[in-house]
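For reference, model24.cif (mmCIF, C-alpha atoms):
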data_target
loop_
_atom_site.label_atom_id
_atom_site.label_comp_id
_atom_site.auth_asym_id
_atom_site.auth_seq_id
_atom_site.Cartn_x
_atom_site.Cartn_y
_atom_site.Cartn_z
CA MET A 1 -44.97 -211.10 -27.69
CA SER A 2 -43.48 -211.36 -31.15
CA LYS A 3 -39.75 -211.35 -31.73
CA SER A 4 -37.97 -208.02 -31.92
CA THR A 5 -37.44 -206.48 -35.34
CA SER A 6 -33.96 -205.84 -36.70
CA SER A 7 -31.89 -203.39 -34.70
CA ARG A 8 -31.64 -199.76 -35.88
CA LYS A 9 -29.03 -198.16 -33.66
CA PHE A 10 -28.69 -194.39 -33.69
CA GLY A 11 -26.53 -191.98 -31.72
CA LEU A 12 -28.74 -189.34 -30.07
CA ALA A 13 -27.60 -186.39 -27.96
CA VAL A 14 -29.29 -183.75 -25.85
CA ALA A 15 -27.42 -180.48 -25.24
CA GLN A 16 -28.63 -178.84 -22.05
CA VAL A 17 -27.77 -175.13 -21.86
CA GLY A 18 -26.95 -173.37 -18.59
CA GLY A 19 -28.29 -169.92 -17.85
CA ILE A 20 -28.11 -167.19 -20.50
CA ASP A 21 -28.08 -163.70 -19.02
CA LEU A 22 -29.43 -160.50 -20.54
CA ALA A 23 -25.91 -159.32 -21.39
CA ASP A 24 -24.95 -162.50 -23.30
CA THR A 25 -24.67 -162.05 -27.06
CA ARG A 26 -25.96 -164.53 -29.61
CA ALA A 27 -22.37 -165.09 -30.76
CA SER A 28 -21.35 -166.15 -27.24
CA VAL A 29 -24.32 -168.51 -27.00
CA VAL A 30 -23.60 -170.07 -30.40
CA LYS A 31 -20.00 -170.62 -29.32
CA ARG A 32 -21.30 -172.70 -26.40
CA LEU A 33 -23.62 -174.62 -28.70
CA LEU A 34 -20.72 -175.38 -31.04
CA GLU A 35 -18.68 -176.80 -28.17
CA MET A 36 -21.53 -179.11 -27.21
CA LEU A 37 -22.17 -180.07 -30.84
CA ARG A 38 -18.53 -181.16 -31.17
CA GLU A 39 -18.67 -183.08 -27.91
CA ALA A 40 -21.84 -184.86 -29.01
CA HIS A 41 -20.22 -185.77 -32.33
CA SER A 42 -17.13 -187.10 -30.56
CA ARG A 43 -19.41 -189.40 -28.58
CA GLY A 44 -21.04 -190.83 -31.70
CA ALA A 45 -24.16 -188.66 -31.92
CA ARG A 46 -25.79 -188.07 -35.30
CA PHE A 47 -28.50 -185.75 -33.99
CA VAL A 48 -28.45 -183.14 -31.20
CA VAL A 49 -31.41 -181.58 -29.40
CA PHE A 50 -31.00 -177.98 -28.21
CA PRO A 51 -33.50 -176.12 -25.94
CA GLU A 52 -36.48 -173.87 -26.52
CA LEU A 53 -35.59 -170.20 -27.18
CA THR A 54 -31.97 -171.29 -27.18
CA LEU A 55 -30.30 -168.12 -28.37
CA THR A 56 -31.32 -165.65 -25.64
CA THR A 57 -32.38 -165.47 -22.04
CA PHE A 58 -35.99 -166.56 -21.39
CA PHE A 59 -37.34 -163.08 -22.10
CA PRO A 60 -41.08 -163.77 -21.42
CA ARG A 61 -40.23 -163.31 -17.75
CA TYR A 62 -39.88 -159.54 -18.38
CA TRP A 63 -42.59 -156.94 -19.04
CA THR A 64 -40.98 -155.06 -21.93
CA PRO A 65 -42.28 -152.82 -24.74
CA MET A 66 -43.08 -154.92 -27.79
CA GLU A 67 -40.81 -152.92 -30.11
CA GLU A 68 -37.84 -153.60 -27.84
CA VAL A 69 -38.72 -157.30 -27.51
CA GLU A 70 -38.92 -157.75 -31.29
CA ALA A 71 -35.65 -155.91 -31.90
CA ARG A 72 -33.71 -157.67 -29.17
CA TYR A 73 -34.95 -161.25 -29.01
CA PHE A 74 -36.58 -162.28 -32.30
CA GLU A 75 -34.92 -163.77 -35.41
CA LYS A 76 -36.09 -162.44 -38.77
CA THR A 77 -34.28 -165.16 -40.73
CA MET A 78 -32.92 -168.62 -39.96
CA PRO A 79 -30.11 -169.27 -40.31
CA ASN A 80 -28.77 -165.76 -39.88
CA ALA A 81 -25.20 -164.52 -39.53
CA ASP A 82 -25.05 -165.32 -35.80
CA VAL A 83 -26.37 -168.87 -36.15
CA GLN A 84 -24.77 -169.79 -39.50
CA PRO A 85 -21.62 -171.22 -37.80
CA LEU A 86 -23.78 -173.84 -36.08
CA PHE A 87 -25.30 -174.90 -39.41
CA ASP A 88 -21.87 -174.96 -41.06
CA GLU A 89 -20.23 -177.06 -38.36
CA ALA A 90 -23.14 -179.48 -38.17
CA ARG A 91 -23.02 -179.96 -41.93
CA ARG A 92 -19.25 -180.48 -41.84
CA MET A 93 -19.60 -183.19 -39.18
CA GLY A 94 -22.74 -184.75 -40.66
CA VAL A 95 -24.85 -184.14 -37.54
CA GLY A 96 -28.49 -183.03 -37.58
CA PHE A 97 -30.08 -180.92 -34.86
CA TYR A 98 -33.22 -179.40 -33.34
CA LEU A 99 -33.17 -175.73 -32.34
CA GLY A 100 -35.72 -173.46 -30.68
CA TYR A 101 -35.84 -169.69 -31.19
CA ALA A 102 -38.17 -166.68 -31.33
CA GLU A 103 -39.33 -166.08 -34.92
CA LEU A 104 -40.54 -162.78 -36.40
CA THR A 105 -42.13 -163.32 -39.81
CA PRO A 106 -42.11 -160.81 -42.70
CA GLU A 107 -45.81 -160.25 -41.95
CA GLY A 108 -45.00 -159.26 -38.38
CA ARG A 109 -46.24 -162.44 -36.69
CA ARG A 110 -44.31 -163.61 -33.64
CA TYR A 111 -43.86 -167.31 -32.88
CA ASN A 112 -42.10 -169.54 -30.40
CA THR A 113 -40.53 -171.73 -33.08
CA SER A 114 -38.40 -174.84 -33.46
CA ILE A 115 -36.75 -176.40 -36.50
CA LEU A 116 -35.34 -179.75 -37.55
CA VAL A 117 -32.07 -179.64 -39.47
CA ASN A 118 -30.72 -182.70 -41.28
CA GLN A 119 -27.13 -183.88 -41.58
CA ALA A 120 -26.67 -181.82 -44.75
CA GLY A 121 -27.47 -178.63 -42.83
CA GLU A 122 -30.92 -178.22 -44.42
CA ILE A 123 -34.04 -177.19 -42.51
CA VAL A 124 -36.50 -180.04 -43.09
CA GLY A 125 -39.16 -179.18 -40.52
CA LYS A 126 -40.57 -176.15 -38.69
CA TYR A 127 -43.03 -176.00 -35.80
CA ARG A 128 -44.67 -173.01 -34.10
CA LYS A 129 -45.75 -173.57 -30.50
CA ILE A 130 -49.45 -174.23 -29.93
CA HIS A 131 -49.86 -174.62 -26.14
CA LEU A 132 -48.71 -171.19 -24.98
CA PRO A 133 -48.69 -171.03 -21.16
CA GLY A 134 -48.76 -168.04 -18.88
CA HIS A 135 -50.65 -164.76 -19.24
CA ASP A 136 -50.70 -161.51 -21.20
CA ASP A 137 -51.37 -159.03 -18.37
CA HIS A 138 -48.77 -157.43 -16.13
CA LYS A 139 -48.83 -159.21 -12.75
CA VAL A 140 -47.25 -156.43 -10.72
CA GLY A 141 -46.83 -158.41 -7.50
CA ALA A 142 -45.30 -161.51 -9.11
CA PRO A 143 -41.56 -162.24 -8.72
CA PHE A 144 -41.38 -162.59 -12.51
CA GLN A 145 -43.76 -162.77 -15.46
CA HIS A 146 -44.60 -165.61 -17.87
CA LEU A 147 -45.74 -163.64 -20.90
CA GLU A 148 -45.76 -166.16 -23.74
CA LYS A 149 -49.41 -165.26 -24.43
CA LYS A 150 -48.36 -161.62 -24.82
CA TYR A 151 -45.25 -162.06 -26.97
CA PHE A 152 -46.23 -165.00 -29.20
CA ASP A 153 -49.02 -165.92 -31.57
CA VAL A 154 -50.46 -169.44 -31.40
CA GLY A 155 -49.07 -171.66 -34.16
CA GLU A 156 -51.62 -172.33 -36.92
CA ASP A 157 -50.39 -175.77 -37.98
CA THR A 158 -50.63 -179.00 -36.03
CA TRP A 159 -47.70 -181.18 -35.05
CA THR A 160 -46.19 -182.96 -38.05
CA VAL A 161 -43.62 -185.70 -38.51
CA SER A 162 -40.65 -185.13 -40.80
CA ASN A 163 -38.17 -187.50 -42.42
CA VAL A 164 -34.85 -186.52 -40.88
CA ASP A 165 -32.15 -188.66 -42.47
CA GLY A 166 -34.45 -191.67 -42.58
CA ILE A 167 -35.97 -191.23 -39.12
CA ARG A 168 -39.63 -190.26 -38.65
CA THR A 169 -39.14 -187.32 -36.30
CA GLY A 170 -41.73 -185.13 -34.62
CA MET A 171 -41.19 -182.05 -32.47
CA CYS A 172 -42.94 -179.83 -29.99
CA LEU A 173 -42.04 -177.17 -27.44
CA CYS A 174 -42.04 -177.02 -23.64
CA ASN A 175 -45.66 -176.83 -22.41
CA ASP A 176 -46.78 -178.99 -25.36
CA ARG A 177 -45.17 -181.98 -23.64
CA ARG A 178 -47.73 -181.82 -20.84
CA TRP A 179 -50.70 -182.38 -23.18
CA PRO A 180 -51.39 -185.96 -24.31
CA GLU A 181 -52.94 -184.73 -27.56
CA THR A 182 -49.51 -183.45 -28.64
CA TRP A 183 -47.95 -186.89 -28.46
CA ARG A 184 -50.92 -188.77 -29.92
CA VAL A 185 -51.14 -186.57 -33.02
CA MET A 186 -47.53 -187.47 -33.80
CA GLY A 187 -47.95 -191.08 -32.71
CA LEU A 188 -50.75 -191.40 -35.26
CA GLN A 189 -48.25 -190.27 -37.91
CA SER A 190 -45.97 -193.19 -36.99
CA ALA A 191 -43.33 -191.04 -35.32
CA GLU A 192 -40.27 -192.92 -34.11
CA LEU A 193 -38.60 -190.02 -32.29
CA ILE A 194 -40.07 -186.89 -30.69
CA VAL A 195 -37.74 -184.07 -29.71
CA LEU A 196 -38.37 -180.87 -27.81
CA GLY A 197 -36.85 -178.00 -25.91
CA TYR A 198 -38.12 -176.26 -22.79
CA ASN A 199 -37.57 -173.42 -20.31
CA THR A 200 -39.36 -174.36 -17.10
CA PRO A 201 -39.12 -171.98 -14.12
CA ALA A 202 -38.28 -173.69 -10.85
CA HIS A 203 -40.94 -171.60 -9.12
CA ASN A 204 -44.63 -171.37 -9.90
CA ILE A 205 -45.93 -167.81 -9.63
CA HIS A 206 -49.55 -168.96 -9.31
CA TRP A 207 -49.33 -171.19 -6.22
CA PRO A 208 -46.57 -172.45 -3.89
CA GLU A 209 -45.71 -175.64 -5.77
CA PRO A 210 -42.69 -177.51 -4.33
CA VAL A 211 -39.73 -177.44 -6.72
CA HIS A 212 -39.36 -181.22 -6.72
CA LEU A 213 -42.89 -181.54 -8.12
CA ARG A 214 -41.91 -179.31 -11.04
CA MET A 215 -39.26 -181.86 -11.99
CA GLN A 216 -41.59 -184.79 -11.35
CA SER A 217 -44.29 -183.46 -13.68
CA HIS A 218 -41.68 -182.79 -16.40
CA LEU A 219 -40.31 -186.34 -16.24
CA LEU A 220 -43.78 -187.88 -15.92
CA SER A 221 -44.92 -186.06 -19.07
CA MET A 222 -41.88 -187.28 -21.00
CA GLN A 223 -42.14 -190.88 -19.84
CA SER A 224 -45.89 -191.26 -20.33
CA GLY A 225 -45.80 -189.56 -23.74
CA ALA A 226 -43.00 -191.81 -24.96
CA TYR A 227 -44.59 -195.01 -23.63
CA GLN A 228 -48.15 -194.39 -24.77
CA ASN A 229 -47.01 -193.53 -28.30
CA CYS A 230 -44.18 -196.05 -28.72
CA VAL A 231 -41.56 -193.39 -29.42
CA TRP A 232 -38.13 -192.38 -28.28
CA ALA A 233 -38.27 -188.91 -26.73
CA ALA A 234 -35.54 -186.39 -26.04
CA ALA A 235 -35.89 -183.06 -24.22
CA ALA A 236 -33.29 -180.32 -23.81
CA GLY A 237 -33.76 -177.68 -21.15
CA LYS A 238 -32.25 -174.29 -20.62
CA THR A 239 -31.45 -174.38 -16.92
CA GLY A 240 -29.72 -172.88 -13.91
CA PHE A 241 -29.88 -169.19 -13.04
CA GLU A 242 -30.58 -166.47 -15.60
CA ASP A 243 -30.28 -162.99 -14.11
CA GLY A 244 -31.15 -164.57 -10.76
CA PHE A 245 -34.18 -166.53 -12.02
CA HIS A 246 -33.98 -170.30 -11.67
CA LEU A 247 -34.93 -172.80 -14.40
CA ILE A 248 -35.13 -176.55 -13.76
CA GLY A 249 -32.70 -178.97 -15.42
CA GLY A 250 -33.57 -182.59 -16.03
CA SER A 251 -32.73 -182.80 -19.72
CA VAL A 252 -33.53 -186.37 -20.65
CA ILE A 253 -33.69 -189.20 -23.18
CA VAL A 254 -36.59 -191.66 -22.73
CA SER A 255 -37.22 -195.01 -24.41
CA PRO A 256 -40.53 -196.30 -25.83
CA ALA A 257 -40.82 -198.34 -22.61
CA GLY A 258 -41.03 -195.06 -20.70
CA GLU A 259 -37.60 -195.68 -19.19
CA ILE A 260 -35.16 -192.83 -18.66
CA VAL A 261 -31.95 -193.94 -20.36
CA ALA A 262 -30.00 -190.70 -19.89
CA GLN A 263 -30.55 -187.64 -17.72
CA ALA A 264 -28.51 -184.50 -17.08
CA ALA A 265 -26.82 -184.40 -13.68
CA THR A 266 -26.10 -180.66 -13.51
CA GLU A 267 -27.69 -177.27 -14.12
CA GLU A 268 -24.93 -176.22 -16.51
CA ASP A 269 -24.03 -176.78 -20.15
CA GLU A 270 -24.09 -180.57 -20.37
CA VAL A 271 -24.27 -183.15 -23.15
CA ILE A 272 -26.03 -186.45 -22.57
CA THR A 273 -26.02 -189.22 -25.15
CA ALA A 274 -27.56 -192.62 -25.78
CA ASN A 275 -27.07 -195.19 -28.52
CA ILE A 276 -30.78 -195.74 -29.01
CA ASP A 277 -32.42 -198.54 -31.00
CA LEU A 278 -35.20 -197.12 -33.14
CA ALA A 279 -36.62 -200.61 -33.64
CA MET A 280 -37.52 -200.83 -29.96
CA GLY A 281 -40.88 -199.14 -30.49
CA GLU A 282 -42.05 -201.76 -33.00
CA ASN A 283 -43.00 -204.38 -30.42
CA PHE A 284 -45.10 -201.79 -28.58
CA ARG A 285 -46.72 -200.62 -31.84
CA LYS A 286 -47.54 -204.21 -32.85
CA ASN A 287 -48.87 -205.32 -29.49
CA ILE A 288 -49.84 -203.02 -26.61
CA PHE A 289 -50.48 -199.88 -28.65
CA ASP A 290 -51.56 -201.27 -32.01
CA PHE A 291 -53.66 -198.22 -32.81
CA ALA A 292 -55.39 -199.76 -35.84
CA ARG A 293 -56.63 -202.75 -33.83
CA HIS A 294 -57.33 -201.25 -30.43
CA ARG A 295 -58.24 -197.56 -30.72
CA ARG A 296 -61.94 -196.66 -30.60
CA PRO A 297 -62.17 -193.06 -31.90
CA GLU A 298 -65.97 -193.29 -32.14
CA HIS A 299 -65.93 -192.97 -28.33
CA TYR A 300 -63.48 -190.04 -28.18
CA HIS A 301 -65.70 -187.26 -29.59
CA LEU A 302 -65.78 -185.35 -26.30
CA ILE A 303 -62.05 -184.71 -26.61
CA VAL A 304 -62.57 -182.43 -29.61
CA ASP A 305 -66.16 -181.35 -28.94
CA ARG A 306 -65.25 -179.68 -25.64
CA VAL A 307 -62.39 -177.32 -24.90
CA GLY A 308 -62.97 -176.99 -21.17
CA ALA A 309 -64.42 -179.41 -18.66
CA GLY A 310 -68.23 -179.46 -18.44
CA GLU A 311 -71.10 -181.48 -17.04
CA PRO A 312 -71.06 -185.31 -17.09
CA LEU A 313 -72.66 -186.87 -20.15
#
Any chance you could give the structure as structure tokens?
Amino acid sequence: MSKSTSSRKFGLAVAQVGGIDLADTRASVVKRLLEMLREAHSRGARFVVFPELTLTTFFPRYWTPMEEVEARYFEKTMPNADVQPLFDEARRMGVGFYLGYAELTPEGRRYNTSILVNQAGEIVGKYRKIHLPGHDDHKVGAPFQHLEKKYFDVGEDTWTVSNVDGIRTGMCLCNDRRWPETWRVMGLQSAELIVLGYNTPAHNIHWPEPVHLRMQSHLLSMQSGAYQNCVWAAAAGKTGFEDGFHLIGGSVIVSPAGEIVAQAATEEDEVITANIDLAMGENFRKNIFDFARHRRPEHYHLIVDRVGAGEPL
């Protein structure tokens, strides 16, 4: 293997958020985010990853009239008055961040959205979730719902990679991390860092899946995605109990070797940090996963020709 390239150290933080109940205001949530932002900065972080749908409880668990959902949970502008203090403090400290929220566009479209904000407090990237899990019908006998297909439109644009203060950064959301296509699309854009937020219920309403397997599949997705695409990866979960409903923790930072270098130890508000070396992925990109030399896309047509599984060729 060739010698390592010059070191590019970078302070990265993940801000896991404990449960947010129905009665919690956005202002109270932003106050918690500010505390974690300051802690991350004090530990040398220059970028902080917050969860999916950070500003409210995970509302797709409730069957609610659409008008009420839009009025209560969706953001019409970003930043808005409630979230502006986070942008202001991040800019003052020179720290960038990733934030997930529910977006209502002027045209009335609803998206599960995330943004990348640079150290100057500017939004430099936006992504609208593509792999929406769950259902859009009311499952009366279920202990809770998972209505992302009801409340959100599928994002029209693919995953892109943005320049965030000199770092090629991609992003996705929650269920996206389970699909290898998500990671490869950004890997083919020479991403160095992929960040994401999630809200993963501890219980599966479709079959009796053991809780420990929920965590295993989350970590497996993060580690394999990072390794097979030579990227650093960071995931922030919203976790603990929200109105009695349990979300898994396991917020994590993973290296291009697929190694977990930091992982949350609680199901509460918790900041984890790592002084990552962005140059680490270069040896993988030049050797094991040199896409230009080793990929054979002429043999991959079935991946895009078929949506569901079919008969053998």
* To do: Mind checking which residues fall within 12 Å of Leu196 of chain A, counting all atoms listed in the file, ignoring those fewer than 3 positions away in the same chain, and posting them as a VMD selection string?
  => chain A and resid 14 to 16 48 to 54 97 to 101 113 to 116 127 to 129 159 169 to 178 182 to 183 193 199 222 232 to 238 251 to 253
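Shortest atom-to-atom contact with Gly141 of chain A among A:His206, A:Arg293, A:Arg168, A:Arg214: A:His206, counting only C-alpha atoms.
Shortest atom-to-atom contact with Ala264 of chain A among A:Ser28, A:Gly249, A:Ser221, A:Val231: A:Gly249, counting only C-alpha atoms.
If you measure from each of A:Arg295, A:Lys76, A:His301, A:His138 to Leu188 of chain A using all atoms listed in the file, the closest one turns out to be A:Arg295.
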* To do: Determine the residue set returned by the PyMOL selection byres ((chain A and resi 130-134) around 8) for the present structure, and present it as a PyMOL selection string.
  => chain A and resi 128-129+135-136+146-149+152+154-156+158+175-176
* To do: Skip Gln189 of chain A itself and residues of its chain fewer than 4 positions away, then list as an NGL selection string all residues within 8 Å of it, counting all atoms listed in the file.
  => :A and (160-161 or 185)
* Tell me which residues the PyMOL selection byres ((chain A and resi 19) around 12) grabs here, as number ranges by chain. => A: 16-18, 20-24, 29, 32, 51, 53-58, 199-201, 237-249, 266-270
* **Target residues per the PyMOL selection byres ((chain A and resi 230) around 12), formatted as a ChimeraX atom specification** => /A:183-184,186-194,222-229,231-233,254-259,278-291
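Taking only C-alpha atoms into account, Val95 of chain A lies nearest to A:Phe47 out of the set A:Phe47, A:Tyr151, A:Phe144, A:Tyr300.
Atom CA of Pro60 of chain A is positioned 13.2 Å from atom CA of Ala142 of chain A.
Take atom CA of Tyr73 of chain A and atom CA of Thr25 of chain A: the distance between them is 10.5 Å.
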* atom CA of Lys126 of chain A and atom CA of Asp305 of chain A, how far apart in Å? -> 27.9 Å
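The residue set within 8 Å of Asp82 of chain A, counting all atoms listed in the file and dropping same-chain residues fewer than 4 places from it, reads Arg26, Ala27 and Val30 of chain A.
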Expected file: the selected residues, C-alpha atoms, as a PDB file, in the frame of the given file:
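After the write, result_29.pdb holds the following:
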ATOM      1  CA  ARG A  26     -25.960-164.530 -29.610  1.00  0.00           C
ATOM      2  CA  ALA A  27     -22.370-165.090 -30.760  1.00  0.00           C
ATOM      3  CA  VAL A  30     -23.600-170.070 -30.400  1.00  0.00           C
TER       4      VAL A  30
END
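Around Glu311 of chain A, within 12 Å and counting only C-alpha atoms, the residues found are Leu302, Arg306 and Gly308 of chain A, once anything fewer than 3 positions away on its own chain is removed.
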* To do: Within 10 Å of Glu39 of chain A, counting only C-alpha atoms, which residues show up once you throw out same-chain ones fewer than 6 positions away? Write them as an NGL selection string, please.
  => :A and (13 or 15 or 33 or 45 or 270-273)
Missing atoms of segment 162-172 of chain A rebuilt to all heavy atoms, written as an mmCIF file, keeping the file's coordinate frame:
data_model
loop_
_atom_site.group_PDB
_atom_site.id
_atom_site.type_symbol
_atom_site.label_atom_id
_atom_site.label_comp_id
_atom_site.auth_asym_id
_atom_site.auth_seq_id
_atom_site.Cartn_x
_atom_site.Cartn_y
_atom_site.Cartn_z
ATOM 1 N N SER A 162 -41.528 -185.342 -39.653
ATOM 2 C CA SER A 162 -40.650 -185.130 -40.800
ATOM 3 C C SER A 162 -39.664 -186.288 -40.938
ATOM 4 O O SER A 162 -39.301 -186.938 -39.952
ATOM 5 C CB SER A 162 -39.852 -183.827 -40.637
ATOM 6 O OG SER A 162 -40.713 -182.725 -40.482
ATOM 7 N N ASN A 163 -39.223 -186.515 -42.168
ATOM 8 C CA ASN A 163 -38.170 -187.500 -42.420
ATOM 9 C C ASN A 163 -36.821 -186.794 -42.241
ATOM 10 O O ASN A 163 -36.432 -185.972 -43.059
ATOM 11 C CB ASN A 163 -38.293 -188.054 -43.836
ATOM 12 C CG ASN A 163 -37.277 -189.145 -44.124
ATOM 13 O OD1 ASN A 163 -36.203 -189.200 -43.531
ATOM 14 N ND2 ASN A 163 -37.608 -190.039 -45.048
ATOM 15 N N VAL A 164 -36.150 -187.108 -41.160
ATOM 16 C CA VAL A 164 -34.850 -186.520 -40.880
ATOM 17 C C VAL A 164 -33.800 -187.616 -41.023
ATOM 18 O O VAL A 164 -33.615 -188.437 -40.125
ATOM 19 C CB VAL A 164 -34.787 -185.885 -39.477
ATOM 20 C CG1 VAL A 164 -33.440 -185.187 -39.271
ATOM 21 C CG2 VAL A 164 -35.927 -184.894 -39.285
ATOM 22 N N ASP A 165 -33.176 -187.652 -42.193
ATOM 23 C CA ASP A 165 -32.150 -188.660 -42.470
ATOM 24 C C ASP A 165 -32.655 -190.074 -42.191
ATOM 25 O O ASP A 165 -31.993 -190.895 -41.555
ATOM 26 C CB ASP A 165 -30.888 -188.364 -41.647
ATOM 27 C CG ASP A 165 -30.297 -186.993 -41.990
ATOM 28 O OD1 ASP A 165 -30.024 -186.752 -43.179
ATOM 29 O OD2 ASP A 165 -30.141 -186.161 -41.078
ATOM 30 N N GLY A 166 -33.877 -190.338 -42.677
ATOM 31 C CA GLY A 166 -34.450 -191.670 -42.580
ATOM 32 C C GLY A 166 -35.166 -191.986 -41.291
ATOM 33 O O GLY A 166 -35.646 -193.114 -41.111
ATOM 34 N N ILE A 167 -35.293 -191.010 -40.398
ATOM 35 C CA ILE A 167 -35.970 -191.230 -39.120
ATOM 36 C C ILE A 167 -37.226 -190.372 -39.065
ATOM 37 O O ILE A 167 -37.180 -189.154 -39.297
ATOM 38 C CB ILE A 167 -35.039 -190.868 -37.939
ATOM 39 C CG1 ILE A 167 -33.806 -191.772 -37.966
ATOM 40 C CG2 ILE A 167 -35.769 -191.013 -36.605
ATOM 41 C CD1 ILE A 167 -32.703 -191.330 -37.033
ATOM 42 N N ARG A 168 -38.370 -190.982 -38.756
ATOM 43 C CA ARG A 168 -39.630 -190.260 -38.650
ATOM 44 C C ARG A 168 -39.629 -189.467 -37.344
ATOM 45 O O ARG A 168 -39.828 -190.024 -36.267
ATOM 46 C CB ARG A 168 -40.809 -191.214 -38.726
ATOM 47 C CG ARG A 168 -40.924 -191.947 -40.071
ATOM 48 C CD ARG A 168 -42.230 -192.701 -40.203
ATOM 49 N NE ARG A 168 -42.382 -193.724 -39.182
ATOM 50 C CZ ARG A 168 -41.943 -194.975 -39.279
ATOM 51 N NH1 ARG A 168 -41.296 -195.371 -40.373
ATOM 52 N NH2 ARG A 168 -42.149 -195.838 -38.294
ATOM 53 N N THR A 169 -39.409 -188.160 -37.464
ATOM 54 C CA THR A 169 -39.140 -187.320 -36.300
ATOM 55 C C THR A 169 -40.221 -186.249 -36.146
ATOM 56 O O THR A 169 -40.516 -185.511 -37.077
ATOM 57 C CB THR A 169 -37.765 -186.636 -36.440
ATOM 58 O OG1 THR A 169 -36.757 -187.627 -36.686
ATOM 59 C CG2 THR A 169 -37.410 -185.868 -35.185
ATOM 60 N N GLY A 170 -40.795 -186.177 -34.956
ATOM 61 C CA GLY A 170 -41.730 -185.130 -34.620
ATOM 62 C C GLY A 170 -41.118 -184.192 -33.597
ATOM 63 O O GLY A 170 -40.111 -184.513 -32.957
ATOM 64 N N MET A 171 -41.730 -183.010 -33.442
ATOM 65 C CA MET A 171 -41.190 -182.050 -32.470
ATOM 66 C C MET A 171 -42.320 -181.242 -31.853
ATOM 67 O O MET A 171 -43.402 -181.082 -32.434
ATOM 68 C CB MET A 171 -40.163 -181.137 -33.113
ATOM 69 C CG MET A 171 -40.674 -180.313 -34.267
ATOM 70 S SD MET A 171 -39.415 -179.181 -34.905
ATOM 71 C CE MET A 171 -40.070 -178.908 -36.565
ATOM 72 N N CYS A 172 -42.038 -180.742 -30.671
ATOM 73 C CA CYS A 172 -42.940 -179.830 -29.990
ATOM 74 C C CYS A 172 -42.105 -178.921 -29.122
ATOM 75 O O CYS A 172 -40.872 -178.910 -29.228
ATOM 76 C CB CYS A 172 -43.998 -180.602 -29.189
ATOM 77 S SG CYS A 172 -43.335 -181.710 -27.923
#
